[in-house]
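File shown: target.txt (compact mmCIF, C-alpha atoms).
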```txt
# COMPACT_ATOMS: atom_id res chain seq x y z
CA GLN A 43 135.33 10.78 115.54
CA TYR A 44 137.48 7.74 114.71
CA PHE A 45 139.54 9.78 112.31
CA PHE A 46 140.41 12.27 115.01
CA SER A 47 141.35 9.56 117.53
CA VAL A 48 143.74 7.96 115.10
CA PHE A 49 145.15 11.32 114.32
CA GLU A 50 145.86 11.94 118.00
CA LEU A 51 147.56 8.58 118.41
CA ASN A 52 149.87 9.29 115.56
CA GLY A 53 151.40 12.01 117.74
CA MET A 54 152.22 14.17 114.82
CA SER A 55 153.77 17.45 115.78
CA THR A 56 152.51 20.78 114.66
CA SER A 57 155.63 21.30 112.56
CA LEU A 58 155.03 18.02 110.73
CA THR A 59 151.39 18.96 110.05
CA ARG A 60 152.50 22.32 108.68
CA SER A 61 155.17 20.60 106.57
CA LEU A 62 152.69 18.12 105.06
CA SER A 63 150.16 20.82 104.27
CA ASN A 64 152.88 22.86 102.59
CA GLN A 65 153.79 19.87 100.39
CA GLY A 66 150.23 19.87 99.02
CA ASP A 67 149.72 16.08 98.85
CA ARG A 68 146.69 16.17 101.15
CA PHE A 69 144.65 18.48 103.41
CA ILE A 70 144.92 18.19 107.15
CA PRO A 71 141.83 19.45 109.08
CA ASN A 72 142.55 22.10 111.71
CA ARG A 73 140.93 20.98 114.97
CA SER A 74 141.41 24.38 116.65
CA THR A 75 138.98 25.94 114.25
CA MET A 76 136.30 23.23 114.47
CA ASN A 77 133.41 22.62 116.85
CA LEU A 78 133.57 18.81 117.29
CA ASP A 79 130.10 18.58 118.84
CA VAL A 80 128.52 20.37 115.95
CA SER A 81 130.48 18.30 113.42
CA HIS A 82 129.30 15.07 115.04
CA HIS A 83 125.71 16.30 115.07
CA ASN A 84 125.83 17.21 111.39
CA ILE A 85 127.29 13.76 110.47
CA VAL A 86 124.67 11.69 112.29
CA SER A 87 121.71 13.93 111.52
CA GLU A 88 119.50 13.04 108.61
CA VAL A 89 119.31 15.50 105.76
CA GLN A 90 116.01 17.34 106.04
CA PRO A 91 114.03 18.08 102.88
CA ASN A 92 113.31 21.65 101.97
CA SER A 93 110.47 22.97 104.04
CA THR A 94 107.23 23.75 102.28
CA SER A 95 105.64 25.44 105.25
CA SER A 96 104.45 28.98 105.09
CA SER A 97 106.78 31.91 105.61
CA ASN A 98 104.99 32.76 108.85
CA SER A 99 105.85 29.33 110.30
CA ALA A 100 109.46 29.72 109.25
CA ASP A 101 109.64 33.08 110.96
CA ILE A 102 108.54 31.43 114.21
CA ILE A 103 110.71 28.28 113.99
CA ASN A 104 114.00 29.90 112.87
CA PRO A 105 114.48 32.11 115.98
CA TYR A 106 113.77 29.07 118.19
CA LYS A 107 116.30 26.92 116.36
CA SER A 108 118.88 29.71 116.55
CA THR A 109 118.39 30.10 120.30
CA LEU A 110 118.57 26.33 120.87
CA SER A 111 121.77 26.04 118.81
CA VAL A 112 123.47 28.76 120.85
CA SER A 113 122.47 27.02 124.11
CA LEU A 114 123.64 23.55 123.05
CA PHE A 115 126.60 24.17 120.78
CA GLY A 116 127.54 27.84 121.11
CA GLU A 117 126.78 28.36 117.43
CA GLN A 118 123.85 30.39 116.12
CA ASN A 119 123.37 28.38 112.92
CA ILE A 120 124.78 24.83 113.06
CA GLU A 121 123.60 24.01 109.56
CA ASP A 122 126.17 26.40 108.11
CA CYS A 123 129.07 24.98 110.12
CA GLU A 124 131.58 22.87 108.19
CA ILE A 125 132.29 19.32 109.34
CA LEU A 126 135.99 19.61 108.43
CA ALA A 127 137.69 23.00 108.69
CA LEU A 128 140.72 23.10 106.40
CA LYS A 129 141.94 26.55 107.30
CA THR A 130 141.78 29.05 110.12
CA LYS A 131 138.58 31.01 110.31
CA PRO A 132 138.90 34.71 109.58
CA PRO A 133 138.49 36.96 112.61
CA LYS A 134 134.93 38.04 113.31
CA SER A 135 134.01 41.47 112.07
CA VAL A 136 133.31 44.06 114.72
CA ILE A 137 130.70 45.57 112.42
CA PRO A 138 127.18 44.10 112.68
CA GLN A 139 126.34 42.11 109.59
CA SER A 140 122.65 42.77 109.14
CA LYS A 141 121.95 45.00 106.20
CA LEU A 142 120.44 47.69 108.40
CA ASN A 143 123.36 47.72 110.80
CA VAL A 144 125.94 47.68 108.03
CA LEU A 145 124.24 50.69 106.46
CA SER A 146 124.13 52.44 109.81
CA CYS A 147 127.82 51.80 110.47
CA HIS A 148 128.70 53.06 107.01
CA ASN A 149 126.85 56.28 107.61
CA LEU A 150 128.57 56.81 110.94
CA ASN A 151 131.99 56.38 109.40
CA SER A 152 131.34 58.46 106.30
CA GLY A 153 129.72 61.36 108.12
CA LYS A 154 131.97 61.92 111.10
CA SER A 155 130.78 64.89 113.14
CA HIS A 156 133.52 67.31 114.07
CA PRO A 157 133.40 68.43 117.69
CA LEU A 158 132.64 72.08 118.34
CA ARG A 159 135.84 74.07 118.78
CA HIS A 160 136.92 75.47 122.12
CA VAL A 161 136.21 79.16 122.78
CA PRO A 162 137.82 80.81 125.82
CA THR A 163 135.04 81.78 128.21
CA THR A 164 137.09 84.33 130.12
CA ALA A 165 137.71 87.86 128.90
CA GLU A 166 141.30 88.47 127.83
CA LYS A 167 141.27 92.08 128.88
CA VAL A 168 139.00 94.36 130.90
CA LEU A 169 138.84 98.15 130.68
CA ASP A 170 137.04 100.34 133.17
CA ALA A 171 134.55 102.58 131.34
CA PRO A 172 132.87 104.92 133.84
CA GLY A 173 129.92 106.82 132.43
CA LEU A 174 128.97 104.29 129.72
CA VAL A 175 125.27 105.03 129.25
CA ASP A 176 122.76 102.27 129.93
CA ASP A 177 120.63 102.92 126.83
CA TYR A 178 119.65 100.07 124.50
CA TYR A 179 118.89 102.42 121.58
CA LEU A 180 122.32 104.07 121.30
CA ASN A 181 125.43 102.90 119.45
CA LEU A 182 128.42 104.00 121.49
CA LEU A 183 131.24 101.59 120.56
CA ASP A 184 133.15 100.98 117.31
CA TRP A 185 136.50 99.53 116.20
CA SER A 186 138.35 101.00 113.22
CA GLN A 187 140.37 99.34 110.47
CA ASN A 188 143.41 101.05 112.02
CA ASN A 189 142.88 99.05 115.23
CA MET A 190 141.53 102.02 117.14
CA LEU A 191 138.66 101.42 119.55
CA CYS A 192 136.30 104.34 120.09
CA VAL A 193 133.83 104.59 122.98
CA ALA A 194 131.46 107.37 124.00
CA LEU A 195 131.20 107.94 127.73
CA GLY A 196 128.50 110.46 128.46
CA SER A 197 129.49 113.72 126.79
CA ALA A 198 133.04 112.60 125.90
CA VAL A 199 134.62 110.37 123.25
CA TYR A 200 137.73 108.33 124.03
CA LEU A 201 140.10 106.45 121.73
CA TRP A 202 141.96 103.32 122.82
CA ASN A 203 144.81 102.23 120.58
CA ALA A 204 144.66 98.42 120.60
CA THR A 205 148.22 98.19 119.26
CA THR A 206 149.90 100.36 121.89
CA ALA A 207 147.23 100.04 124.63
CA THR A 208 147.15 103.81 125.08
CA THR A 209 144.08 105.98 125.67
CA THR A 210 143.39 109.53 124.49
CA GLN A 211 140.37 111.80 124.78
CA LEU A 212 139.12 113.04 121.42
CA LEU A 213 136.37 115.42 122.53
CA GLU A 214 134.03 116.42 125.33
CA TYR A 215 130.95 118.64 125.26
CA PRO A 216 129.68 120.56 128.27
CA ASN A 217 125.96 120.65 127.48
CA ARG A 218 125.19 117.68 125.20
CA SER A 219 125.83 113.94 125.12
CA ILE A 220 127.16 111.60 122.47
CA THR A 221 124.48 109.24 121.13
CA SER A 222 126.30 107.38 118.32
CA ILE A 223 129.74 106.89 116.76
CA SER A 224 130.97 105.16 113.61
CA TRP A 225 134.37 104.83 111.89
CA SER A 226 134.71 105.17 108.13
CA PRO A 227 135.81 101.75 106.79
CA GLU A 228 137.54 103.22 103.73
CA SER A 229 139.15 106.22 105.51
CA PRO A 230 139.63 105.09 109.11
CA GLN A 231 140.99 108.45 110.24
CA PHE A 232 137.45 109.84 109.95
CA LEU A 233 134.95 109.35 112.75
CA ALA A 234 131.25 110.20 112.56
CA VAL A 235 129.64 111.38 115.78
CA GLY A 236 125.92 111.76 116.47
CA THR A 237 124.76 113.98 119.29
CA SER A 238 121.75 114.50 121.52
CA ASP A 239 121.07 117.91 119.93
CA THR A 240 120.35 116.43 116.45
CA LEU A 241 123.79 117.04 114.88
CA VAL A 242 126.05 114.74 112.86
CA GLU A 243 129.73 115.62 113.06
CA ILE A 244 132.81 114.39 111.19
CA TRP A 245 136.11 114.30 113.05
CA ASP A 246 139.61 113.78 111.68
CA ILE A 247 141.48 112.02 114.46
CA SER A 248 144.84 112.54 112.76
CA LYS A 249 144.32 116.26 113.39
CA THR A 250 142.11 115.88 116.48
CA ALA A 251 139.73 118.30 114.82
CA GLN A 252 136.11 118.51 113.75
CA ILE A 253 135.96 119.06 109.99
CA ARG A 254 132.20 119.13 109.44
CA SER A 255 128.87 119.48 111.24
CA MET A 256 125.52 118.59 109.63
CA SER A 257 122.01 119.31 110.87
CA GLY A 258 118.54 118.33 109.68
CA HIS A 259 117.21 115.77 112.17
CA HIS A 260 114.54 116.56 114.74
CA GLY A 261 115.78 114.28 117.49
CA ARG A 262 118.91 112.66 118.84
CA VAL A 263 121.01 110.74 116.29
CA GLY A 264 121.27 107.19 117.63
CA SER A 265 122.65 105.26 114.64
CA LEU A 266 125.22 105.82 111.87
CA SER A 267 126.48 103.79 108.90
CA TRP A 268 129.05 104.54 106.17
CA ASN A 269 128.89 103.68 102.46
CA ASN A 270 132.06 105.14 100.91
CA HIS A 271 131.41 108.91 100.71
CA ILE A 272 127.79 108.48 101.85
CA LEU A 273 127.04 108.64 105.56
CA SER A 274 123.58 107.56 106.70
CA SER A 275 122.16 108.67 110.04
CA GLY A 276 119.08 107.47 111.90
CA ALA A 277 117.37 109.56 114.53
CA PHE A 278 114.73 109.65 117.24
CA ASP A 279 112.27 111.24 114.79
CA GLY A 280 112.20 108.01 112.74
CA ALA A 281 113.97 109.56 109.76
CA ILE A 282 117.08 108.31 107.97
CA HIS A 283 119.25 110.88 106.20
CA ASN A 284 121.87 110.20 103.54
CA HIS A 285 124.73 112.69 103.58
CA ASP A 286 127.13 113.05 100.64
CA LEU A 287 130.29 114.31 102.30
CA ARG A 288 131.71 115.54 98.97
CA GLN A 289 129.02 118.19 98.58
CA ALA A 290 128.25 121.39 100.39
CA GLN A 291 124.54 120.51 100.21
CA HIS A 292 125.12 117.22 101.94
CA LEU A 293 121.56 115.86 102.20
CA VAL A 294 120.98 113.67 99.15
CA GLY A 295 118.31 111.30 100.46
CA ARG A 296 115.69 111.00 103.17
CA TYR A 297 113.85 107.84 104.26
CA GLU A 298 110.80 108.45 106.44
CA ARG A 299 108.88 105.21 106.98
CA HIS A 300 109.83 104.34 110.55
CA VAL A 301 107.43 105.62 113.20
CA GLY A 302 109.84 105.01 116.07
CA GLU A 303 113.47 105.80 116.81
CA VAL A 304 115.91 104.33 114.29
CA CYS A 305 118.30 102.39 116.53
CA GLY A 306 119.84 99.97 114.00
CA LEU A 307 121.43 100.96 110.69
CA LYS A 308 123.86 99.05 108.46
CA TRP A 309 124.89 99.22 104.79
CA SER A 310 125.54 95.92 103.02
CA ASN A 311 129.12 94.99 102.21
CA ASP A 312 128.64 95.79 98.52
CA GLY A 313 127.02 99.16 99.33
CA ARG A 314 123.79 98.40 97.45
CA GLN A 315 121.35 97.94 100.31
CA LEU A 316 120.76 99.64 103.64
CA ALA A 317 119.07 97.73 106.46
CA SER A 318 117.36 99.65 109.23
CA GLY A 319 115.69 98.66 112.48
CA GLY A 320 113.55 100.79 114.73
CA ASN A 321 111.69 101.08 117.99
CA ASP A 322 108.55 100.45 115.93
CA ASN A 323 109.67 96.77 115.74
CA MET A 324 110.19 97.13 111.98
CA VAL A 325 113.01 95.89 109.75
CA MET A 326 113.31 97.76 106.44
CA LEU A 327 115.56 97.40 103.41
CA TRP A 328 116.45 100.45 101.33
CA GLU A 329 118.30 101.20 98.12
CA LEU A 330 120.17 104.42 97.54
CA GLU A 331 118.18 105.48 94.47
CA SER A 332 114.73 105.06 96.05
CA ASN A 333 112.96 106.78 98.94
CA THR A 334 110.62 103.81 99.52
CA PRO A 335 111.79 100.59 101.17
CA ARG A 336 112.36 97.58 98.94
CA TRP A 337 110.64 95.54 101.63
CA SER A 338 109.72 95.78 105.29
CA SER A 339 108.82 93.27 107.97
CA GLU A 340 106.94 93.26 111.26
CA GLU A 341 108.14 89.80 112.32
CA HIS A 342 109.94 91.17 115.40
CA VAL A 343 107.78 92.08 118.37
CA ALA A 344 110.27 94.46 120.00
CA ALA A 345 112.75 97.14 118.95
CA VAL A 346 115.36 96.05 116.40
CA LYS A 347 118.84 97.36 117.13
CA ALA A 348 121.16 94.45 116.26
CA ILE A 349 121.76 94.33 112.48
CA SER A 350 124.60 92.51 110.70
CA TRP A 351 125.30 91.50 107.10
CA CYS A 352 126.93 88.15 106.39
CA PRO A 353 130.46 88.72 104.96
CA TRP A 354 130.48 85.53 102.83
CA LEU A 355 126.86 85.50 101.64
CA PRO A 356 125.95 88.98 100.37
CA HIS A 357 122.16 88.70 100.62
CA LEU A 358 122.02 87.17 104.10
CA LEU A 359 121.01 89.56 106.89
CA ALA A 360 120.76 88.88 110.63
CA THR A 361 118.62 91.01 112.94
CA GLY A 362 117.98 90.84 116.68
CA GLY A 363 115.02 92.00 118.76
CA GLY A 364 114.65 93.50 122.21
CA SER A 365 113.34 92.19 125.52
CA ALA A 366 109.85 91.25 124.35
CA ASP A 367 111.23 89.49 121.25
CA ARG A 368 114.61 87.90 122.14
CA THR A 369 115.02 86.35 118.68
CA ILE A 370 117.71 86.43 116.02
CA LYS A 371 116.13 86.31 112.58
CA PHE A 372 117.80 85.60 109.24
CA TRP A 373 116.58 87.17 106.01
CA ASN A 374 117.05 86.66 102.30
CA THR A 375 117.25 90.30 101.28
CA LEU A 376 116.62 89.52 97.60
CA THR A 377 113.12 88.26 98.36
CA GLY A 378 112.49 89.62 101.84
CA SER A 379 111.71 86.10 103.05
CA LEU A 380 112.43 84.98 106.59
CA ILE A 381 114.93 82.08 106.52
CA ASN A 382 115.11 81.20 110.20
CA SER A 383 114.34 82.53 113.67
CA ILE A 384 115.76 81.36 117.00
CA ASP A 385 114.83 82.30 120.54
CA THR A 386 117.97 83.38 122.42
CA GLU A 387 116.09 83.75 125.73
CA SER A 388 117.59 87.22 126.21
CA GLN A 389 117.32 90.71 124.78
CA VAL A 390 119.52 90.89 121.64
CA CYS A 391 121.75 93.99 121.68
CA GLY A 392 124.39 93.27 119.02
CA ILE A 393 125.40 90.77 116.31
CA HIS A 394 128.65 90.25 114.41
CA TRP A 395 129.49 87.57 111.83
CA SER A 396 132.83 85.80 111.69
CA LYS A 397 135.02 86.62 108.70
CA HIS A 398 136.72 83.22 108.87
CA GLN A 399 134.09 80.58 109.68
CA LYS A 400 130.35 80.16 109.37
CA GLU A 401 129.74 81.51 112.84
CA LEU A 402 128.39 84.62 114.56
CA VAL A 403 128.44 86.19 118.00
CA SER A 404 125.62 88.01 119.74
CA SER A 405 125.47 90.18 122.85
CA HIS A 406 122.51 90.17 125.20
CA GLY A 407 120.74 92.04 127.93
CA PHE A 408 117.89 90.90 130.13
CA SER A 409 117.89 88.32 131.46
CA LYS A 410 121.28 86.62 131.08
CA ASN A 411 123.61 89.55 130.17
CA GLN A 412 125.84 87.19 128.17
CA LEU A 413 127.60 86.82 124.84
CA SER A 414 126.78 83.78 122.72
CA VAL A 415 128.79 82.22 119.89
CA TRP A 416 126.72 80.34 117.31
CA LYS A 417 127.37 77.90 114.48
CA TYR A 418 125.54 78.80 111.28
CA PRO A 419 123.19 77.60 109.85
CA SER A 420 122.42 75.01 112.56
CA MET A 421 122.52 77.78 115.22
CA THR A 422 124.12 75.38 117.64
CA GLN A 423 125.55 77.35 120.52
CA ILE A 424 129.34 76.93 120.58
CA ALA A 425 129.97 78.98 123.73
CA GLU A 426 128.28 81.24 126.23
CA LEU A 427 130.50 83.99 127.62
CA ARG A 428 129.69 85.44 131.01
CA GLY A 429 131.44 88.11 133.03
CA HIS A 430 129.30 91.21 132.74
CA THR A 431 126.96 91.84 135.65
CA GLN A 432 124.54 94.01 133.66
CA ARG A 433 123.22 93.97 130.11
CA VAL A 434 125.72 94.06 127.24
CA VAL A 435 124.36 96.99 125.25
CA GLN A 436 127.41 97.57 122.99
CA LEU A 437 129.44 95.25 120.74
CA ALA A 438 132.33 95.87 118.33
CA ILE A 439 134.66 93.56 116.39
CA SER A 440 138.38 93.92 115.74
CA PRO A 441 139.66 94.59 112.19
CA ASP A 442 141.20 91.10 111.96
CA GLY A 443 137.83 89.57 112.85
CA THR A 444 139.06 87.52 115.81
CA THR A 445 138.19 89.58 118.90
CA VAL A 446 135.04 91.33 120.03
CA CYS A 447 134.76 94.10 122.59
CA SER A 448 131.61 94.22 124.67
CA GLY A 449 130.40 97.28 126.52
CA SER A 450 128.04 96.87 129.44
CA SER A 451 125.93 98.92 131.79
CA ASP A 452 128.29 97.65 134.50
CA GLU A 453 130.72 100.28 133.07
CA THR A 454 133.32 97.85 131.78
CA LEU A 455 134.65 96.94 128.36
CA ARG A 456 135.64 93.29 127.97
CA PHE A 457 137.69 91.74 125.16
CA TRP A 458 136.88 88.20 124.06
CA ARG A 459 138.74 86.15 121.47
CA VAL A 460 135.81 84.31 119.93
CA PHE A 461 136.92 83.64 116.34
CA GLU A 462 140.08 82.10 114.86
CA PRO A 463 141.33 82.33 111.25
CA LEU A 464 141.34 78.99 109.45
CA SER A 465 145.10 79.25 108.92
CA ALA A 466 145.87 80.15 112.54
CA LEU A 467 148.23 77.90 114.46
CA LYS A 468 147.06 76.33 117.69
CA ASN A 469 149.72 78.14 119.67
CA GLN A 470 149.31 81.45 117.91
CA GLN A 471 150.20 84.32 120.18
CA LYS A 472 147.15 86.31 121.25
CA ASP A 473 146.88 90.06 120.89
CA TYR A 474 145.49 90.54 124.37
CA SER A 475 146.75 88.68 127.39
CA GLY A 476 146.26 88.74 131.10
CA GLN A 477 143.41 89.85 133.31
CA ARG A 478 144.57 93.38 134.08
CA ILE A 479 141.83 95.93 134.69
CA ASN A 480 142.75 99.33 133.27
CA LYS A 481 140.80 102.54 132.93
CA ILE A 482 139.60 103.94 129.64
CA ARG A 483 139.83 107.39 131.18
```
Step by step, read the file and then write its structure as structure tokens.
Amino acid sequence: QYFFSVFELNGMSTSLTRSLSNQGDRFIPNRSTMNLDVSHHNIVSEVQPNSTSSSNSADIINPYKSTLSVSLFGEQNIEDCEILALKTKPPKSVIPQSKLNVLSCHNLNSGKSHPLRHVPTTAEKVLDAPGLVDDYYLNLLDWSQNNMLCVALGSAVYLWNATTATTTQLLEYPNRSITSISWSPESPQFLAVGTSDTLVEIWDISKTAQIRSMSGHHGRVGSLSWNNHILSSGAFDGAIHNHDLRQAQHLVGRYERHVGEVCGLKWSNDGRQLASGGNDNMVMLWELESNTPRWSSEEHVAAVKAISWCPWLPHLLATGGGSADRTIKFWNTLTGSLINSIDTESQVCGIHWSKHQKELVSSHGFSKNQLSVWKYPSMTQIAELRGHTQRVVQLAISPDGTTVCSGSSDETLRFWRVFEPLSALKNQQKDYSGQRINKIR
């Protein structure tokens, strides 16, 4: 204390103190960094011998001493305070210093969670589609690699050119209805059409002409899937037919294990496996060379229409069940094992994977009639898209993999931009703009 009083009386200026300390002949304590009360206490206090008490006693005494020190001196541990502070104290860290807290803070910094991206929840375009059949088991909407959207409305098929926004009628039958359509991925001028009177037709849209008609089923043809020159068709009779379009005798394979209507059918991206779903609640996996399924599953408890292969993981398959099931299930098709199952709380009508990110979109019927965008594999819901007033029974994806078109029993087609390429700019111009409502026919 005396030292500090003398120091004050000397009236030394701050500049002189700094000058002396810079000369290095002696150290001048920095009062602004010292707690004088604590320093005085530490000078007059006797040095205590090391405690030999038990650890339990120390655990009780130490918190009390810490609390008392804070109350009296504003310092948690006065024993660690220096009597003379020769330099400015470093600023206190904002990070807690206990080992547990330091570890926790490190984990938070090293594993920053990226916020879910924004997905527009309003349709970019709406088309009026009068006559779109309210039938869960039919597949009446598809989008070609040439950016041509095809939709079946009752007994007619219409084409909407997404590039020019023009609509043309391809065909119309007086006494039968269209029950399925599918574009050829490799030759997008060819369109397969399934009908209510058991036929499978091939149309060349460049000529607006039917070039082939194939029979053999014993019920309406509700699902179609291409595999190069092989076209597979699933029908109400539970049979799946493989047609080789290069041959006059087109039927080269028949799968007959489903006991209900085949409403879901999709070849894998590498063309090695065919997944089928039926009104018998079954999921089956087929190979071209065999007439028996590689594996089958009864995990769903309702009809399986929604089937989609992952574009970046060749043996990952997603399937969706109907009103009594409401789940999306993920399968390892190499082993037939169920990877995951989530309850969507609505009938699952369609599924499409993103080509650009680990995401997928699903369309739903009862009870929400919505589209949902999911993050895979966490299956965190990124967005829920509402606008349809009835169930969304049809779903197609654009060739660039950014936009989906949903077809509903409310007789509208709605376009939603749900996916973005990784290289896309934030202000990238969208292909569809505005809220105009046009007619598909």
Would you tabulate, counting all atoms listed in the file, all residues of stretch 416-460 of chain A that have an atom at most 12 Å from an atom of stretch 352-355 of chain A, showing the closest pair of atoms and their distance in Å to one decimal, sorted by chain then ascending number, as JSON lines?
```
{"residue": "A:Tyr418", "atom": "CA", "partner": "A:Cys352", "partner_atom": "CA", "distance": 10.6}
{"residue": "A:Pro419", "atom": "CA", "partner": "A:Cys352", "partner_atom": "CA", "distance": 11.7}
{"residue": "A:Gly443", "atom": "CA", "partner": "A:Pro353", "partner_atom": "CA", "distance": 10.8}
```
Coordinates-based distance that separates atom CA of A:Ser222 from atom CA of A:Ser440 (Å, one decimal)
18.3 Å
Is there a way to get, as a PDB file with C-alpha atoms, in the coordinates of the input, all residues within 8 Å of the point (124.9, 95.9, 127.8) in file coordinates, counting all atoms listed in the file?
```
ATOM      1  CA  ASP A 176     122.760 102.270 129.930  1.00  0.00           C
ATOM      2  CA  TYR A 178     119.650 100.070 124.500  1.00  0.00           C
ATOM      3  CA  CYS A 391     121.750  93.990 121.680  1.00  0.00           C
ATOM      4  CA  SER A 405     125.470  90.180 122.850  1.00  0.00           C
ATOM      5  CA  HIS A 406     122.510  90.170 125.200  1.00  0.00           C
ATOM      6  CA  GLY A 407     120.740  92.040 127.930  1.00  0.00           C
ATOM      7  CA  ASN A 411     123.610  89.550 130.170  1.00  0.00           C
ATOM      8  CA  GLN A 432     124.540  94.010 133.660  1.00  0.00           C
ATOM      9  CA  ARG A 433     123.220  93.970 130.110  1.00  0.00           C
ATOM     10  CA  VAL A 434     125.720  94.060 127.240  1.00  0.00           C
ATOM     11  CA  VAL A 435     124.360  96.990 125.250  1.00  0.00           C
ATOM     12  CA  GLN A 436     127.410  97.570 122.990  1.00  0.00           C
ATOM     13  CA  SER A 448     131.610  94.220 124.670  1.00  0.00           C
ATOM     14  CA  GLY A 449     130.400  97.280 126.520  1.00  0.00           C
ATOM     15  CA  SER A 450     128.040  96.870 129.440  1.00  0.00           C
ATOM     16  CA  SER A 451     125.930  98.920 131.790  1.00  0.00           C
ATOM     17  CA  ASP A 452     128.290  97.650 134.500  1.00  0.00           C
TER      18      ASP A 452
END
```
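One finds atom CA of A:Trp337 at 28.0 Å from atom CA of A:Leu182.
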Which polymer residues, whether protein, DNA or RNA, lie within 10 Å of the coordinate (125.4, 114.6, 103.5) when you count only C-alpha atoms? List them as a list in words, using the chain letters and numbers from the file.
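Looking at atoms near the point gives Val242, Ser255, Met256, Ser257, Gly258, His271, Ile272, Leu273, Ser274, Ser275, His283, Asn284, His285, Asp286, Leu287, Arg288, Gln289, Ala290, Gln291, His292, Leu293, Val294 and Gly295 of chain A.
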Among listed residues A:Thr208, A:Thr444, A:Asn311, A:Ser350, nearest A:His398 (using all atoms listed in the file):
A:Thr444
Figure out the distance between atom CA of A:Gln231 and atom CA of A:Leu213, please, to one decimal in Å.
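Value for the atom CA of A:Leu213-atom CA of A:Gln231 distance: 14.9 Å.
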Tell me which protein, DNA and RNA residues are within 8 Å of A:Trp245, counting only C-alpha atoms, leaving out same-chain ones fewer than 4 positions away, and put them as a PyMOL selection string.
chain A and resi 232-235+250-254
With a distance cut-off of 8 Å and only C-alpha atoms, select the neighbouring residues of A:Ala317, excluding the residue or stretch itself and same-chain residues fewer than 2 positions from it, and output the selection as a PDB file with C-alpha atoms, in the coordinates of the input.
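Output contents, as saved in selection_32.pdb:
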```pdb
ATOM      1  CA  GLY A 306     119.840  99.970 114.000  1.00  0.00           C
ATOM      2  CA  LEU A 307     121.430 100.960 110.690  1.00  0.00           C
ATOM      3  CA  LYS A 308     123.860  99.050 108.460  1.00  0.00           C
ATOM      4  CA  TRP A 309     124.890  99.220 104.790  1.00  0.00           C
ATOM      5  CA  SER A 310     125.540  95.920 103.020  1.00  0.00           C
ATOM      6  CA  GLN A 315     121.350  97.940 100.310  1.00  0.00           C
ATOM      7  CA  GLY A 319     115.690  98.660 112.480  1.00  0.00           C
ATOM      8  CA  VAL A 325     113.010  95.890 109.750  1.00  0.00           C
ATOM      9  CA  MET A 326     113.310  97.760 106.440  1.00  0.00           C
ATOM     10  CA  LEU A 327     115.560  97.400 103.410  1.00  0.00           C
ATOM     11  CA  TRP A 328     116.450 100.450 101.330  1.00  0.00           C
ATOM     12  CA  ILE A 349     121.760  94.330 112.480  1.00  0.00           C
TER      13      ILE A 349
END
```
Taking all atoms listed in the file into account, name the residue in A:Ser229, A:Gln211, A:Thr163, A:Ser338 that is nearest to A:Ile424.
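Result for the nearest residue to A:Ile424: A:Thr163.
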Name the closest residue to A:Ile384 among the candidates A:Lys400, A:Met421, A:His342, A:Arg159; distances are taken between atoms, counting all atoms listed in the file.
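Residue with the minimum atom-to-atom distance to A:Ile384: A:Met421.
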With all atoms listed in the file as the basis for distance, which of A:Gly429, A:Pro463, A:Gly302, A:Gly378 is at the shortest distance from A:Lys397?
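Looking only at the distances to A:Lys397, the closest residue turns out to be A:Pro463.
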Which is closer to A:Met324 than all the others in A:Lys347, A:Lys417, A:Lys167, A:His394, using all atoms listed in the file?
A:Lys347
Smallest atom-to-atom distance to A:Pro441: which of A:Ser396, A:Val301, A:Gly173, A:Val343, using all atoms listed in the file?
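Nearest candidate to A:Pro441 out of A:Ser396, A:Val301, A:Gly173, A:Val343: A:Ser396.
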Write out as a PyMOL selection string each polymer residue whose atoms come within 8 Å of A:Arg368, counting all atoms listed in the file; drop sequence neighbours fewer than 3 positions from it.
chain A and resi 362-365+385-390
